[in-house]
file data-v4.pdb (PDB, C-alpha atoms)
ATOM      1  CA  MET A   1      96.559 105.559 113.893
ATOM      2  CA  ARG A   2      97.548 106.976 117.255
ATOM      3  CA  ILE A   3      96.031 109.794 119.233
ATOM      4  CA  THR A   4      98.465 111.572 121.492
ATOM      5  CA  ASN A   5      97.833 113.687 124.525
ATOM      6  CA  GLY A   6     100.954 115.781 124.928
ATOM      7  CA  GLU A   7     103.799 113.270 125.191
ATOM      8  CA  HIS A   8     101.586 110.268 125.897
ATOM      9  CA  ILE A   9      99.864 108.039 123.393
ATOM     10  CA  ALA A  10      96.256 108.163 124.553
ATOM     11  CA  VAL A  11      94.817 105.716 122.055
ATOM     12  CA  GLY A  12      96.633 103.493 119.587
ATOM     13  CA  PRO A  13      96.282 100.046 118.029
ATOM     14  CA  GLY A  14      97.705  98.187 121.054
ATOM     15  CA  LYS A  15      95.367  99.867 123.510
ATOM     16  CA  ILE A  16      92.336  99.353 121.307
ATOM     17  CA  ALA A  17      93.217  95.658 120.866
ATOM     18  CA  LEU A  18      93.523  95.383 124.658
ATOM     19  CA  LEU A  19      90.091  96.947 125.209
ATOM     20  CA  GLU A  20      88.562  94.574 122.659
ATOM     21  CA  ALA A  21      90.233  91.580 124.346
ATOM     22  CA  ILE A  22      88.943  92.663 127.782
ATOM     23  CA  ASP A  23      85.487  92.937 126.261
ATOM     24  CA  GLN A  24      85.756  89.401 124.917
ATOM     25  CA  THR A  25      87.365  87.734 127.931
ATOM     26  CA  GLY A  26      85.936  89.728 130.843
ATOM     27  CA  SER A  27      89.284  90.047 132.598
ATOM     28  CA  ILE A  28      92.583  91.889 132.254
ATOM     29  CA  THR A  29      94.545  88.706 132.969
ATOM     30  CA  ALA A  30      92.812  86.725 130.211
ATOM     31  CA  ALA A  31      92.986  89.662 127.805
ATOM     32  CA  ALA A  32      96.733  90.087 128.399
ATOM     33  CA  LYS A  33      97.248  86.351 127.882
ATOM     34  CA  SER A  34      95.288  86.342 124.624
ATOM     35  CA  LEU A  35      97.518  89.146 123.335
ATOM     36  CA  GLU A  36     100.707  87.485 124.653
ATOM     37  CA  MET A  37     101.288  90.526 126.824
ATOM     38  CA  SER A  38     102.369  90.566 130.472
ATOM     39  CA  TYR A  39      99.725  91.473 133.035
ATOM     40  CA  ARG A  40     101.954  94.325 134.115
ATOM     41  CA  ARG A  41     102.116  95.752 130.590
ATOM     42  CA  ALA A  42      98.339  95.442 130.144
ATOM     43  CA  TRP A  43      97.799  97.172 133.457
ATOM     44  CA  LEU A  44     100.154 100.025 132.517
ATOM     45  CA  LEU A  45      98.449 100.510 129.141
ATOM     46  CA  LEU A  46      95.058 100.630 130.822
ATOM     47  CA  ASP A  47      96.288 103.019 133.477
ATOM     48  CA  GLU A  48      97.686 105.351 130.806
ATOM     49  CA  MET A  49      94.457 105.183 128.830
ATOM     50  CA  ASN A  50      92.261 105.738 131.858
ATOM     51  CA  HIS A  51      94.269 108.857 132.707
ATOM     52  CA  ALA A  52      94.047 110.172 129.155
ATOM     53  CA  LEU A  53      90.268 109.766 129.028
ATOM     54  CA  ARG A  54      87.675 111.871 130.783
ATOM     55  CA  GLU A  55      86.118 108.651 132.148
ATOM     56  CA  PRO A  56      87.848 105.271 132.605
ATOM     57  CA  ALA A  57      87.497 102.828 129.703
ATOM     58  CA  VAL A  58      87.364  99.768 131.956
ATOM     59  CA  SER A  59      85.636  99.083 135.225
ATOM     60  CA  THR A  60      87.146  96.375 137.432
ATOM     61  CA  SER A  61      85.344  94.694 140.294
ATOM     62  CA  GLN A  62      87.709  93.594 143.036
ATOM     63  CA  GLY A  63      87.639  90.286 144.921
ATOM     64  CA  GLY A  64      84.824  87.747 145.207
ATOM     65  CA  ASN A  65      85.225  84.018 144.596
ATOM     66  CA  SER A  66      86.051  84.548 140.949
ATOM     67  CA  GLY A  67      88.694  87.156 141.766
ATOM     68  CA  GLY A  68      86.680  89.964 140.196
ATOM     69  CA  GLY A  69      86.385  90.822 136.561
ATOM     70  CA  SER A  70      86.682  93.712 134.167
ATOM     71  CA  VAL A  71      84.103  95.179 131.850
ATOM     72  CA  LEU A  72      84.203  98.050 129.422
ATOM     73  CA  THR A  73      82.447 101.231 130.416
ATOM     74  CA  ASP A  74      80.287 103.198 127.986
ATOM     75  CA  ALA A  75      83.287 105.469 127.418
ATOM     76  CA  GLY A  76      85.433 102.414 126.605
ATOM     77  CA  ARG A  77      82.891 101.203 124.051
ATOM     78  CA  GLN A  78      82.656 104.630 122.466
ATOM     79  CA  VAL A  79      86.443 104.877 122.164
ATOM     80  CA  ILE A  80      86.621 101.533 120.320
ATOM     81  CA  ALA A  81      83.718 102.349 118.008
ATOM     82  CA  LEU A  82      85.054 105.799 117.096
ATOM     83  CA  TYR A  83      88.605 104.542 116.658
ATOM     84  CA  ARG A  84      87.517 101.775 114.293
ATOM     85  CA  ARG A  85      85.236 104.124 112.368
ATOM     86  CA  ILE A  86      88.031 106.679 111.926
ATOM     87  CA  GLU A  87      90.394 103.927 110.750
ATOM     88  CA  ASP A  88      87.880 102.639 108.215
ATOM     89  CA  GLY A  89      86.913 106.120 107.065
ATOM     90  CA  ALA A  90      90.545 107.172 106.647
ATOM     91  CA  ALA A  91      91.416 104.004 104.736
ATOM     92  CA  ALA A  92      88.454 104.499 102.413
ATOM     93  CA  ALA A  93      89.085 108.190 101.821
ATOM     94  CA  CYS A  94      92.812 107.795 101.149
ATOM     95  CA  GLN A  95      92.828 104.434  99.380
ATOM     96  CA  GLN A  96      94.724 105.689  96.355
ATOM     97  CA  ASP A  97      97.475 107.509  98.271
ATOM     98  CA  ILE A  98      97.852 104.609 100.723
ATOM     99  CA  ARG A  99      98.290 102.236  97.780
ATOM    100  CA  ALA A 100     100.896 104.566  96.256
ATOM    101  CA  LEU A 101     102.777 104.733  99.567
ATOM    102  CA  MET A 102     102.675 100.931  99.897
ATOM    103  CA  LYS A 103     104.216 100.631  96.449
ATOM    104  CA  LEU A 104     107.275 102.492  97.748
ATOM    105  CA  MET A 105     107.731  99.844 100.457
ATOM    106  CA  ALA A 106     110.029  96.853  99.997
ATOM    107  CA  ARG A 107     108.270  93.464  99.550
TER     108      ARG A 107
ATOM    109  CA  MET B   1      99.489 107.605 111.489
ATOM    110  CA  ARG B   2     102.050 104.818 111.268
ATOM    111  CA  ILE B   3     102.717 102.353 108.506
ATOM    112  CA  THR B   4     104.159  99.065 109.691
ATOM    113  CA  ASN B   5     106.074  96.465 107.778
ATOM    114  CA  GLY B   6     105.724  93.290 109.817
ATOM    115  CA  GLU B   7     107.020  94.181 113.283
ATOM    116  CA  HIS B   8     108.816  97.360 112.216
ATOM    117  CA  ILE B   9     107.366 100.813 111.881
ATOM    118  CA  ALA B  10     108.263 101.737 108.304
ATOM    119  CA  VAL B  11     106.902 105.270 108.342
ATOM    120  CA  GLY B  12     105.583 107.290 111.254
ATOM    121  CA  PRO B  13     105.526 110.885 112.455
ATOM    122  CA  GLY B  14     109.101 110.775 113.851
ATOM    123  CA  LYS B  15     110.604 109.456 110.652
ATOM    124  CA  ILE B  16     108.699 111.905 108.475
ATOM    125  CA  ALA B  17     109.794 114.808 110.688
ATOM    126  CA  LEU B  18     113.392 113.579 110.367
ATOM    127  CA  LEU B  19     113.176 113.456 106.558
ATOM    128  CA  GLU B  20     111.740 116.970 106.488
ATOM    129  CA  ALA B  21     114.531 118.215 108.770
ATOM    130  CA  ILE B  22     117.203 116.613 106.554
ATOM    131  CA  ASP B  23     115.609 118.309 103.564
ATOM    132  CA  GLN B  24     115.793 121.670 105.342
ATOM    133  CA  THR B  25     119.264 121.345 106.844
ATOM    134  CA  GLY B  26     121.088 119.191 104.286
ATOM    135  CA  SER B  27     122.671 116.965 106.912
ATOM    136  CA  ILE B  28     121.714 114.196 109.315
ATOM    137  CA  THR B  29     123.713 115.830 112.130
ATOM    138  CA  ALA B  30     121.934 119.181 111.763
ATOM    139  CA  ALA B  31     118.555 117.484 111.327
ATOM    140  CA  ALA B  32     119.053 115.408 114.489
ATOM    141  CA  LYS B  33     120.085 118.543 116.393
ATOM    142  CA  SER B  34     117.045 120.503 115.208
ATOM    143  CA  LEU B  35     114.798 117.675 116.465
ATOM    144  CA  GLU B  36     116.745 117.346 119.749
ATOM    145  CA  MET B  37     117.541 113.770 118.794
ATOM    146  CA  SER B  38     120.924 112.016 119.075
ATOM    147  CA  TYR B  39     122.829 111.406 115.846
ATOM    148  CA  ARG B  40     122.712 107.702 116.641
ATOM    149  CA  ARG B  41     118.922 107.701 116.953
ATOM    150  CA  ALA B  42     118.529 109.642 113.700
ATOM    151  CA  TRP B  43     120.868 107.221 111.947
ATOM    152  CA  LEU B  44     118.923 104.200 113.271
ATOM    153  CA  LEU B  45     115.585 105.676 112.164
ATOM    154  CA  LEU B  46     116.974 106.351 108.700
ATOM    155  CA  ASP B  47     118.496 102.884 108.462
ATOM    156  CA  GLU B  48     115.164 101.302 109.426
ATOM    157  CA  MET B  49     113.307 103.459 106.902
ATOM    158  CA  ASN B  50     115.799 102.791 104.120
ATOM    159  CA  HIS B  51     115.386  99.053 104.682
ATOM    160  CA  ALA B  52     111.604  99.286 104.688
ATOM    161  CA  LEU B  53     111.534 101.195 101.404
ATOM    162  CA  ARG B  54     112.243  99.851  97.961
ATOM    163  CA  GLU B  55     114.715 102.712  97.425
ATOM    164  CA  PRO B  56     116.522 104.714 100.134
ATOM    165  CA  ALA B  57     114.837 107.943 101.239
ATOM    166  CA  VAL B  58     118.123 109.770 101.778
ATOM    167  CA  SER B  59     121.347 109.892  99.838
ATOM    168  CA  THR B  60     124.515 110.769 101.756
ATOM    169  CA  SER B  61     127.775 111.890 100.202
ATOM    170  CA  GLN B  62     130.787 110.905 102.271
ATOM    171  CA  GLY B  63     133.805 113.039 103.064
ATOM    172  CA  GLY B  64     135.019 116.177 101.328
ATOM    173  CA  ASN B  65     135.974 119.376 103.115
ATOM    174  CA  SER B  66     132.450 119.950 104.310
ATOM    175  CA  GLY B  67     132.196 116.409 105.720
ATOM    176  CA  GLY B  68     129.608 115.398 103.154
ATOM    177  CA  GLY B  69     125.898 116.080 103.209
ATOM    178  CA  SER B  70     122.551 114.345 102.918
ATOM    179  CA  VAL B  71     119.766 115.006 100.457
ATOM    180  CA  LEU B  72     116.383 113.406  99.985
ATOM    181  CA  THR B  73     115.978 111.057  97.047
ATOM    182  CA  ASP B  74     112.904 111.153  94.829
ATOM    183  CA  ALA B  75     111.570 108.223  96.866
ATOM    184  CA  GLY B  76     112.111 110.223 100.065
ATOM    185  CA  ARG B  77     110.199 113.185  98.643
ATOM    186  CA  GLN B  78     107.365 110.944  97.507
ATOM    187  CA  VAL B  79     107.096 109.321 100.945
ATOM    188  CA  ILE B  80     106.760 112.717 102.652
ATOM    189  CA  ALA B  81     104.230 114.025 100.121
ATOM    190  CA  LEU B  82     102.042 110.908 100.280
ATOM    191  CA  TYR B  83     102.240 110.700 104.071
ATOM    192  CA  ARG B  84     101.172 114.317 104.507
ATOM    193  CA  ARG B  85      98.398 113.942 101.936
ATOM    194  CA  ILE B  86      97.046 110.818 103.647
ATOM    195  CA  GLU B  87      97.143 112.597 107.012
ATOM    196  CA  ASP B  88      95.278 115.616 105.657
ATOM    197  CA  GLY B  89      92.795 113.470 103.729
ATOM    198  CA  ALA B  90      92.080 111.274 106.727
ATOM    199  CA  ALA B  91      91.645 114.273 109.020
ATOM    200  CA  ALA B  92      89.241 115.916 106.570
ATOM    201  CA  ALA B  93      87.220 112.750 105.919
ATOM    202  CA  CYS B  94      86.868 111.819 109.590
ATOM    203  CA  GLN B  95      86.603 115.262 111.141
ATOM    204  CA  GLN B  96      83.362 114.549 112.977
ATOM    205  CA  ASP B  97      84.466 111.217 114.500
ATOM    206  CA  ILE B  98      87.875 112.623 115.443
ATOM    207  CA  ARG B  99      86.149 115.510 117.216
ATOM    208  CA  ALA B 100      83.891 113.047 119.063
ATOM    209  CA  LEU B 101      86.917 110.973 120.111
ATOM    210  CA  MET B 102      88.750 114.100 121.307
ATOM    211  CA  LYS B 103      85.739 114.976 123.455
ATOM    212  CA  LEU B 104      86.275 111.711 125.383
ATOM    213  CA  MET B 105      89.828 112.793 126.232
ATOM    214  CA  ALA B 106      90.684 114.544 129.496
ATOM    215  CA  ARG B 107      91.533 118.270 129.209
TER     216      ARG B 107
END
call {"tool": "encode", "arguments": {"input": "data-v4.pdb", "output": "structure tokens"}}
result
Amino acid sequence: MRITNGEHIAVGPGKIALLEAIDQTGSITAAAKSLEMSYRRAWLLLDEMNHALREPAVSTSQGGNSGGGSVLTDAGRQVIALYRRIEDGAAAACQQDIRALMKLMAR
Amino acid sequence: MRITNGEHIAVGPGKIALLEAIDQTGSITAAAKSLEMSYRRAWLLLDEMNHALREPAVSTSQGGNSGGGSVLTDAGRQVIALYRRIEDGAAAACQQDIRALMKLMAR
């Protein structure tokens, strides 16, 4: 499932996975690594998402000995929770049609 | 909504729109034009979709005075119908959460 904002994809599976990885690792660098994604790509995805949202999804503290870290904001947590709930709800509601569509797929 | 088959997107909004345009226009060229898409891009999307499906979604007749034409197969019609039904069903089932997610978006 993707949610678009005009031409841009505001929220999709890649962005949600990135948010979840930042939540787990506490940094964009580690999150990007865990998803085998370049730091640059992770940063661009976050930037796009932060612009699409009313409030940023991630808050990053600059500098310090540890080089700063990143944590999800309340908005970021809400986006993940709603996205996952919509996915689950849609899958449950449309189980039969999804199964029929899958049957049309090769392998 | 997108349905992936391994790394490839088997069915997504662009491909469904292309199938619907072929159904309306009777040709890949006219469908591509109506979607402001290059013929090459339309052909690649169709090729990807036809490989992802058990049976091709579109049947093309070559040559003739009219340069041939393209029609949807039964499989192609089924894919569109199921995709649209899943979209509608998901939207109806998750209305409240989708509205909450939209409220987090800018503008």
call {"tool": "closest_residue", "arguments": {"input": "data-v4.pdb", "among": "B:Gln96, B:Thr60, B:Ala106, B:Ala90", "to": "Ser27 (chain B)", "atoms": "only C-alpha atoms"}}
result
B:Thr60
call {"tool": "residues_around", "arguments": {"input": "data-v4.pdb", "residues": "Ile16 (chain B)", "least_positions_apart": "6", "cutoff": "12 Å", "atoms": "all atoms listed in the file", "output": "PyMOL selection string"}}
result
chain B and resi 1-3+9-10+22-23+31+35+42+45-46+49+57-58+72+76-84+87
call {"tool": "residues_near_point", "arguments": {"input": "data-v4.pdb", "point": "(89.1, 107.5, 99.6)", "cutoff": "12 Å", "atoms": "all atoms listed in the file", "output": "PDB file with C-alpha atoms, keeping the file's coordinate frame"}}
result
ATOM      1  CA  GLU A  87      90.394 103.927 110.750  1.00  0.00           C
ATOM      2  CA  ASP A  88      87.880 102.639 108.215  1.00  0.00           C
ATOM      3  CA  GLY A  89      86.913 106.120 107.065  1.00  0.00           C
ATOM      4  CA  ALA A  90      90.545 107.172 106.647  1.00  0.00           C
ATOM      5  CA  ALA A  91      91.416 104.004 104.736  1.00  0.00           C
ATOM      6  CA  ALA A  92      88.454 104.499 102.413  1.00  0.00           C
ATOM      7  CA  ALA A  93      89.085 108.190 101.821  1.00  0.00           C
ATOM      8  CA  CYS A  94      92.812 107.795 101.149  1.00  0.00           C
ATOM      9  CA  GLN A  95      92.828 104.434  99.380  1.00  0.00           C
ATOM     10  CA  GLN A  96      94.724 105.689  96.355  1.00  0.00           C
ATOM     11  CA  ASP A  97      97.475 107.509  98.271  1.00  0.00           C
ATOM     12  CA  ILE A  98      97.852 104.609 100.723  1.00  0.00           C
ATOM     13  CA  ARG A  99      98.290 102.236  97.780  1.00  0.00           C
TER      14      ARG A  99
ATOM     15  CA  ARG B  85      98.398 113.942 101.936  1.00  0.00           C
ATOM     16  CA  ILE B  86      97.046 110.818 103.647  1.00  0.00           C
ATOM     17  CA  ASP B  88      95.278 115.616 105.657  1.00  0.00           C
ATOM     18  CA  GLY B  89      92.795 113.470 103.729  1.00  0.00           C
ATOM     19  CA  ALA B  90      92.080 111.274 106.727  1.00  0.00           C
ATOM     20  CA  ALA B  91      91.645 114.273 109.020  1.00  0.00           C
ATOM     21  CA  ALA B  92      89.241 115.916 106.570  1.00  0.00           C
ATOM     22  CA  ALA B  93      87.220 112.750 105.919  1.00  0.00           C
ATOM     23  CA  CYS B  94      86.868 111.819 109.590  1.00  0.00           C
TER      24      CYS B  94
END
call {"tool": "closest_residue", "arguments": {"input": "data-v4.pdb", "among": "B:Ala30, B:Leu53, B:Leu44, B:Ala17", "to": "Leu104 (chain A)", "atoms": "only C-alpha atoms"}}
result
B:Leu53
call {"tool": "closest_residue", "arguments": {"input": "data-v4.pdb", "among": "A:Ala32, A:Ala21, A:Met102, A:Ala52", "to": "chain B", "atoms": "all atoms listed in the file"}}
result
A:Ala52
call {"tool": "atom_distance", "arguments": {"input": "data-v4.pdb", "atom1": "CA of Ala100 (chain B)", "atom2": "CA of Pro13 (chain B)"}}
result
22.7 Å
